[in-house]
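Working notes, beginning with the structure itself.
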Amino acid sequence: MSVELDVFVGNTTIMDKEVYQLWLNGYTVNDAVKVRIEGGVMEECEASAEVLLSDTMDQYRTFQMCERLLHHPAKLANQLLFQIPPDRQAMLIERYYAFDDSFVREVLGKKLSKGTKKDLDDVSIKTGITLKSCRRQFDNFKRVFKVVEELKGPLVENIRQHFLLPDQLARDYAAIVFFANHRFETGKKKLQYLTFQDFAFCAGQLINNWTVGAVGKTNNMMEDMDVDLDKEFLQDLKDLKILITDKDLLDQHKNLVCTALRGKTNVFNEMEANFKNLSRGLVNIAAKLINAKDVRDFFIDLVEKFIEPCRSDKLTSIDVNLYLTHYTNSAHILDTFKHHAVWTRYMGVIKSCILRMYHD
């Protein structure tokens with residue numbers, strides 16, 4: 001029995017985006033074939049199940065051979081084995097380094113070590129993401145962390161240059177690296193309502209304002225790092241304690257804030273009654289950040305010391321924004337308060353993070 005075949009010969013490597021995504025998602029060849037059949041590809045291409053299986057297996061082999069290049073994306077453009085157009089290279093890289101928010105939320109702030117990797121079975125079950133995909137995502141986090149850990153200069157730019165990632169994805173990886181470096185606590189029950197993007201936003205605020213690199217940017221010293229918090233700044237935060245230890249200063253601050261708030265909100269009485277507790281909470285967080293343990297508890301402290309009390313008093317995010325604006329600005333009017341630059345640098349980040357974390 002003779003069989004007629006149409007053969008097309010070309011030097012461009014053919015890669016189906018849908019099959020690539022199935023491979024990235026950890027599907028076996030057989031499961032991928034089922035998905036493709038259910039999607040109607042056989043009717044669309046007038047192909048038999050055998051041809052579809054062969055095509056899927058062939059593409060899976062191609063992706064597996066490309067994977068070692070994807071670990072070092074710059075090599076993809078310089079290799080000669082696969083003829084891949086630049087736009088297709090960008091797609092391969094971006095999708096390979098993409099991650100599921102539900103997955104990263106489970107490992108955010110944890111040490112990127114073998115111990116955490118052993119727990120991926122549980123993460124896979126909890127999130128419904130295949131174990132293979134979980135491992136790929138975890139290994140990507142670890143790879144990026146190791147490459148940029150010792151590099152000087154802006155964290156986001158280093159990630160973008162070394163891994164050829166689009167801007168937003170590079171920023172997300174910067175947040176993951178930053179959280180892994182400082183081991184921020186994100187898994188406590190009180191923090192479960194926060195999404196990865198909430199934390200990523202806060203990481204951006206911290207990187208841009210509280211790191212050694214943030215100081216370098218203001219001094220045009222780009223060799224400084226964006227991963228480590230500025231220890232000199234953290235030490236200076238202790239000076240802010242005068243706002244709560246000096247009774248006269250505390251009373252003056254309260255009077256200024258309350259005068260500014262009166263008549264502007266329906267929860268003025270609650271704000272006035274809780275002022276000292278809220279101020280002590282925010283200033284004590286600042287004073288303790290010199291300790292690594294307290295840096296790790298930064299987000300849980302914001303929730304317990306400020307966000308939960310405000311929620312109990314039924315403050316909306318608009319009320320919180322109003323309160324923090326006057327709370328920050330009023331300190332600059334206090335006669336004996338001298339730490340204006342440190343206060344502005346601290347409260348700018350605190351206000352941004354709280355407003356992001358305060359879900360009405």
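The chains in the structure tokens are called A, B, ... from first to last as shown; in each chain the residues are counted from 1, and the ligands are counted from 1 in the order shown.
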
So that I can check the surroundings of Ala273 of chain A, please list as a VMD selection string every protein, DNA and RNA residue that reaches within 12 Å of it, counting only C-alpha atoms and ignoring chain neighbours fewer than 2 positions away.
chain A and resid 254 to 255 258 267 to 271 275 to 279 309 to 310 313

DSSP alpha helix (DSSP H) residues within segment 131-295 of chain A, listed as a PyMOL selection string:
chain A and resi 131-148+155-163+167-182+196-210+212-218+231-236+242-245+247-261+268-288+292-295

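Shell of segment 348-357 of chain A at 8 Å, with only C-alpha atoms counted and residues fewer than 6 places along the chain excluded, is Leu194, Asp198, Phe201, Cys202, Gln205, Leu206, Asn209, Leu302, Ile307, Ser317, Val320, Asn321, Leu324 and Thr325 of chain A.
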
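Checking A:Leu165, A:Met347, A:Ile318, A:Leu108 one by one against Arg183 of chain A, counting only C-alpha atoms, you find the shortest gap at A:Leu108.
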
Report, in Å with one decimal, the straight-line distance from atom CA of Phe138 of chain A to atom CA of Lys117 of chain A.
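Result for atom CA of Phe138 of chain A versus atom CA of Lys117 of chain A: 7.3 Å, one decimal.
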
Using DSSP on the backbone coordinates, identify the residues of segment 116-334 of chain A assigned to strand (DSSP E or B); present them as a PyMOL selection string.
chain A and resi 153+211+225+229

Within 10 Å of Pro86 of chain A, counting only C-alpha atoms, which residues show up once you throw out same-chain ones fewer than 6 positions away? Write them as a CSV table (one decimal) with N, CA and C atoms, in the first residue's frame, please.
```csv
chain,number,residue,atom,x,y,z
A,76,LEU,N,20.4,32.0,23.6
A,76,LEU,CA,19.4,31.6,22.6
A,76,LEU,C,19.6,32.4,21.3
A,77,ALA,N,20.0,33.6,21.4
A,77,ALA,CA,20.2,34.4,20.2
A,77,ALA,C,21.5,34.1,19.4
A,92,LEU,N,9.4,32.7,23.7
A,92,LEU,CA,9.9,31.5,24.5
A,92,LEU,C,10.4,31.9,25.8
```

Nearest to Phe99 of chain A among A:Arg136, A:Arg345, A:Lys152, A:Arg68, with distances taken over only C-alpha atoms: which residue is it?
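With only C-alpha atoms as the atom set, the closest residue is A:Arg136.
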
Selection near Asn140 of chain A, 9 Å with only C-alpha atoms, sequence-local residues under 3 positions removed, as number ranges by chain
A: 71, 96-97, 135-137, 143-145

Dump of N, CA, C and O atoms for the selected residues, as a PDB file, in the first residue's frame:
```pdb
ATOM      1  N   HIS A  71      17.805  28.600  30.128  1.00  0.00           N
ATOM      2  CA  HIS A  71      18.401  28.882  31.442  1.00  0.00           C
ATOM      3  C   HIS A  71      19.360  30.069  31.353  1.00  0.00           C
ATOM      4  O   HIS A  71      19.630  30.736  32.355  1.00  0.00           O
ATOM      5  N   TYR A  96       8.663  31.061  29.397  1.00  0.00           N
ATOM      6  CA  TYR A  96       9.421  30.124  30.247  1.00  0.00           C
ATOM      7  C   TYR A  96       9.585  30.704  31.651  1.00  0.00           C
ATOM      8  O   TYR A  96       9.533  29.980  32.643  1.00  0.00           O
ATOM      9  N   TYR A  97       9.792  32.010  31.736  1.00  0.00           N
ATOM     10  CA  TYR A  97      10.014  32.650  33.042  1.00  0.00           C
ATOM     11  C   TYR A  97       8.730  33.187  33.673  1.00  0.00           C
ATOM     12  O   TYR A  97       8.761  33.690  34.797  1.00  0.00           O
ATOM     13  N   ARG A 135       8.245  22.971  39.830  1.00  0.00           N
ATOM     14  CA  ARG A 135       9.708  22.863  39.883  1.00  0.00           C
ATOM     15  C   ARG A 135      10.372  23.829  38.913  1.00  0.00           C
ATOM     16  O   ARG A 135      11.398  24.438  39.230  1.00  0.00           O
ATOM     17  N   ARG A 136       9.798  23.957  37.712  1.00  0.00           N
ATOM     18  CA  ARG A 136      10.354  24.913  36.747  1.00  0.00           C
ATOM     19  C   ARG A 136      10.316  26.326  37.309  1.00  0.00           C
ATOM     20  O   ARG A 136      11.321  27.055  37.256  1.00  0.00           O
ATOM     21  N   GLN A 137       9.179  26.715  37.865  1.00  0.00           N
ATOM     22  CA  GLN A 137       9.038  28.067  38.399  1.00  0.00           C
ATOM     23  C   GLN A 137       9.991  28.302  39.569  1.00  0.00           C
ATOM     24  O   GLN A 137      10.651  29.344  39.648  1.00  0.00           O
ATOM     25  N   ARG A 143      17.457  30.481  40.087  1.00  0.00           N
ATOM     26  CA  ARG A 143      18.473  30.846  39.104  1.00  0.00           C
ATOM     27  C   ARG A 143      18.655  32.358  39.036  1.00  0.00           C
ATOM     28  O   ARG A 143      19.785  32.863  39.046  1.00  0.00           O
ATOM     29  N   VAL A 144      17.552  33.082  38.963  1.00  0.00           N
ATOM     30  CA  VAL A 144      17.620  34.544  38.895  1.00  0.00           C
ATOM     31  C   VAL A 144      18.253  35.099  40.177  1.00  0.00           C
ATOM     32  O   VAL A 144      19.122  35.974  40.135  1.00  0.00           O
ATOM     33  N   PHE A 145      17.842  34.559  41.320  1.00  0.00           N
ATOM     34  CA  PHE A 145      18.382  35.006  42.609  1.00  0.00           C
ATOM     35  C   PHE A 145      19.906  34.853  42.634  1.00  0.00           C
ATOM     36  O   PHE A 145      20.639  35.772  43.024  1.00  0.00           O
TER      37      PHE A 145
END
```
